[in-house]
Structures are given as structure tokens and as C-alpha cells.
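S.K.: Just passing along the structure, written as C-alpha cells.
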Amino acid sequence: MPSKKSIIFCLVIANIFSWSIVFYFTQADGLEVCFFDVGMGDAIFIKTGRGNQILIDGGPNDKVIEKLEKRMPFWDRTIDLIVLTHPDKDHLFGLTEVLEKYKVENILWTGIETNTLLGEQWEEAIMKEEAKIWIADESLEIKIADNQSFNILYPFERLEGRQVSNKNNTSIVMLLNSAGHKVLFTGDAEKQVEQWLVEKDIDLGARILKVSHHGSKTGSSMEFLEAVQPEAAIICAGADNQYGFPASETLANLNEFGITILQTSNYKNDICLIQKKNEPFSLLSRTR
């Protein structure tokens with residue numbers, strides 16, 4: 001005959017286990033996307049309901065580490081996937097810091113010749129990390145869950161080992177599809193890439209658009225915005241930056257389509273979106 005104390009202990013354990021199951025299934029299809037305020041650069045953190053963690057770009061400094069520490073459990077030092085859209089400092093620098101502090105399972109990038117000291121440090125770091133390296137092209141699909149995936153839309157072919165004069169136009173363009181609700185990430189892709197995507201008749205439709213090149217006039221053409229038809233656009237740029245981003249031309253184009261504009265430079269805060277189960281994305285917070 002078990003003692004009263006052992007019965008109570010078993011009931012407590014059973015209760016904890018049942019709550020774990022409920023939490024798992026109610027959150028499994030959820031998704032959180034945070035556009036970090038890291039100054040003049042991109043760093044976007046995605047966490048799925050099943051606990052997968054993805055980082056797209058790392059910003060121009062080590063501020064991304066502080067941001068990750070706030071969004072991830074203190075005991076969790078693993079990131080499932082990091083994506084380097086292109087190896088310019090304002091996207092790359094923070095990723096070298098992430099590789100020092102976290103175990104990274106998968107790395108996606110283009111593999112182009114970097115020709116900079118920072119680029120060499122990046123290549124040395126990813127070799128040392130011993131992560132699975134993926135080279136981006138349009139044939140690649142990254143499955144997150146049964147109804148969640150990334151599709152690489154650009155580059156159209158592998159660029160590994162190539163020397164390029166304009167790194168912006170090697171940016172990985174990727175579409176996140178979560179239960180039919182889509183977010184389009186564009187790196188710093190310029191109007192030429194936008195035109196190629198439109199001409200290729202790719203389905204670019206997305207509820208949320210990460211505006212390319214921090215809102216520079218080099219991107220966000222009217223033709224591209226018409227193809228995407230976003231409800232909201234996120235602009236990652238530093239407050240009072242020396243480039244004057246976002247450009248007035250870009251803002252005018254977005255306003256022409258009645259697109260809601262959210263800027264990290266306005267809020268000086270992270271912009272976090274959340275999707276609960278199969279519902280559309282909603283604004284979770286603008287919080288540090």
C-alpha cells in the first residue's frame with residue numbers, strides 16, 4: 001500500500017506532465033518573429049511554438065547577443081539555424097559574436113567571396129563551428145513544421161565562390177509560410193533583383209514585408225510592392241542614421257499602397273509579431 005506522501009508526489013508529477021502536453025499542442029503551430037533594434041543593420045529572430053530558433057542576420061555590432069539573451073531561456077545556448085543574407089558588416093558582424101557564444105546547428109548563406117577581414121573571420125568561424133552548411137538557391141526549402149516552411153526565392157542559382165561587385169544583389173530573399181500566412185525577407189536586395197523576381201512570375205504575395213536595404217531608395221519599387229501586396233512593412237534602420245534611411249521615395253511608395261509602416265528607428269525598440277496557431281500575425285510588442 002503506497003504511502004499518502006508518495007501518492008501526492010505522483011499526482012503532482014502527473015499534473016506537471018499533463019500541463020506540458022497541453023502547452024506543447026496549443027503552442028506547436030505558433031510563431032514569433034522579432035525584428036531587433038540593433039541600430040543600422042538587420043537582425044531578425046524567429047521562434048517557433050516547438051522551440052526552434054532561427055536568426056536572420058546579426059546586425060553591425062554585438063547588440064544582438066543582449067537581444068537573444070532576453071528572448072531565449074537563460075539555459076538555452078543552441079540556435080537551430082542562422083542565415084546570413086549577404087556578408088556586409090551591418091548584417092554579418094553580430095553573427096560572428098553569436099558563433100562564439102552559441103552552438104549553431106545549421107548555417108545558410110550564399111558562399112560568395114567576401115574579400116574582407118570580417119568575411120575571413122566569418123568563414124573561419126563557421127568552419128570551426130562544424131555546423132551543417134547550406135548554400136542558398138531557389139531550389140531550397142526549409143521545413144520547420146508540417147505547416148511552416150521557408151522557401152528560398154533568390155538567388156536563382158548557387159553563387160558559392162563567386163566574386164561580386166554588389167553584395168546587396170546577392171542577398172538571400174526568402175519567404176516564410178506559416179499556415180498560409182506569409183512574411184517576405186529581402187536582405188538588401190535592390191530594384192534589379194525585385195524586377196527579376198517579378199518577371200519570373202514568382203508568387204511574392206505576403207502579409208508582412210521586411211523592407212529591403214533599410215528603406216533605401218535602391219529598393220521597394222512600385223512594381224515589386226504591387227506583386228507582394230503586403231499589409232505591413234518593417235523597416236530596420238538606426239535612428240538619425242547618416243544615410244537618411246528610410247528614404248522619402250520608399251515611404252511614398254509604401255504609403256501609395258496604404259501599407260502600415262513600422263520602423264525600428266521610430267520606436268528605438270524591437271518590433272515583435274506573433275502568430276497564434278493558424279491565425280494571422282499580430283503586433284506582440286515594441287519592447288526592449
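Going by the C-alpha cells order, chains are called A, B, ..., each with residues numbered from 1, while ligands are numbered from 1 in the order shown.
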Excluding same-chain residues fewer than 4 positions from Asn168 (chain A), what lies within 9 Å of it counting only C-alpha atoms, as a PDB file with C-alpha atoms, in the first residue's frame?

M.R.:
ATOM      1  CA  THR A  85      21.635  37.140 -46.290  1.00  0.00           C
ATOM      2  CA  HIS A  86      24.876  38.714 -47.562  1.00  0.00           C
ATOM      3  CA  PRO A  87      28.279  39.453 -45.990  1.00  0.00           C
ATOM      4  CA  ASP A  88      28.131  43.226 -45.430  1.00  0.00           C
ATOM      5  CA  GLY A 187      18.007  41.384 -47.113  1.00  0.00           C
ATOM      6  CA  ASP A 188      19.399  44.356 -49.027  1.00  0.00           C
ATOM      7  CA  ALA A 189      18.154  43.254 -52.463  1.00  0.00           C
ATOM      8  CA  GLU A 190      17.835  46.181 -54.844  1.00  0.00           C
ATOM      9  CA  HIS A 213      18.171  47.778 -47.609  1.00  0.00           C
TER      10      HIS A 213
END

S.K.: Residues of region 178-211 of chain A within 12 Å of region 134-152 of chain A: nearest atom pair and distance (Å, one decimal) for each, counting only C-alpha atoms, sorted by chain and number, as JSON lines?

M.R.:
{"residue": "A:Ser178", "atom": "CA", "partner": "A:Gln148", "partner_atom": "CA", "distance": 4.4}
{"residue": "A:Ala179", "atom": "CA", "partner": "A:Asn147", "partner_atom": "CA", "distance": 5.1}
{"residue": "A:Gly180", "atom": "CA", "partner": "A:Asn147", "partner_atom": "CA", "distance": 8.0}
{"residue": "A:His181", "atom": "CA", "partner": "A:Gln148", "partner_atom": "CA", "distance": 9.4}
{"residue": "A:Lys182", "atom": "CA", "partner": "A:Phe150", "partner_atom": "CA", "distance": 9.6}
{"residue": "A:Val183", "atom": "CA", "partner": "A:Phe150", "partner_atom": "CA", "distance": 9.4}
{"residue": "A:Leu184", "atom": "CA", "partner": "A:Phe150", "partner_atom": "CA", "distance": 9.6}
{"residue": "A:Phe185", "atom": "CA", "partner": "A:Ile152", "partner_atom": "CA", "distance": 9.8}
{"residue": "A:Thr186", "atom": "CA", "partner": "A:Ile152", "partner_atom": "CA", "distance": 10.4}
{"residue": "A:Leu197", "atom": "CA", "partner": "A:Glu138", "partner_atom": "CA", "distance": 11.1}
{"residue": "A:Lys200", "atom": "CA", "partner": "A:Glu138", "partner_atom": "CA", "distance": 11.9}
{"residue": "A:Ile202", "atom": "CA", "partner": "A:Glu138", "partner_atom": "CA", "distance": 10.8}
{"residue": "A:Asp203", "atom": "CA", "partner": "A:Asn151", "partner_atom": "CA", "distance": 11.1}
{"residue": "A:Leu204", "atom": "CA", "partner": "A:Asn151", "partner_atom": "CA", "distance": 10.9}

S.K.: As a ChimeraX atom specification, please: all residues of region 131-198 of chain A that backbone DSSP puts in alpha helix (DSSP H).

M.R.: /A:191-198

S.K.: Identify which of the residues A:Val228, A:Leu159, A:Ile208, A:Ile261 lies closest to Pro280 (chain A), counting only C-alpha atoms when measuring atom-to-atom distances.

M.R.: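 Counting only C-alpha atoms, the residue closest to Pro280 (chain A) is A:Ile208.
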
S.K.: From the list A:Ile65, A:Lys191, A:Arg71, A:Lys167, which residue is nearest Gly111 (chain A) when using only C-alpha atoms?

M.R.: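 Of A:Ile65, A:Lys191, A:Arg71, A:Lys167, the one nearest Gly111 (chain A), counting only C-alpha atoms, is A:Lys167.
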
S.K.: Restricting the calculation to only C-alpha atoms, which member of A:Ile82, A:Leu273, A:Gly39, A:Gly219 is positioned closest to Asn241 (chain A)?

M.R.: A:Gly39

S.K.: So which residues touch Met40 (chain A) within 9 Å, counting only C-alpha atoms, skipping near sequence neighbours fewer than 4 positions away, as an MDAnalysis selection string?

M.R.: chainID A and resid 59:60 90 214 236:239 241 265

S.K.: Would you pick out the contacts of Asn61 (chain A) at 7 Å or less, using only C-alpha atoms, so that residues sharing its chain but fewer than 2 positions from it are not included, and give the list as a list in words?

M.R.: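 Near neighbours after the sequence-gap exclusion: Gly59, Lys63, Phe93 and Gly94 of chain A.
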
S.K.: Could you state the separation of CA of Gln121 (chain A) and CA of Phe45 (chain A) in Å, given to one decimal place?

M.R.: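 Distance reported for this atom pair: 22.5 Å.
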
S.K.: Tell me which of A:Ile46, A:Leu99, A:Met72, A:Leu225 sits closest to Leu176 (chain A), counting only C-alpha atoms.

M.R.: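 Of A:Ile46, A:Leu99, A:Met72, A:Leu225, the one nearest Leu176 (chain A) is A:Ile46, counting only C-alpha atoms.
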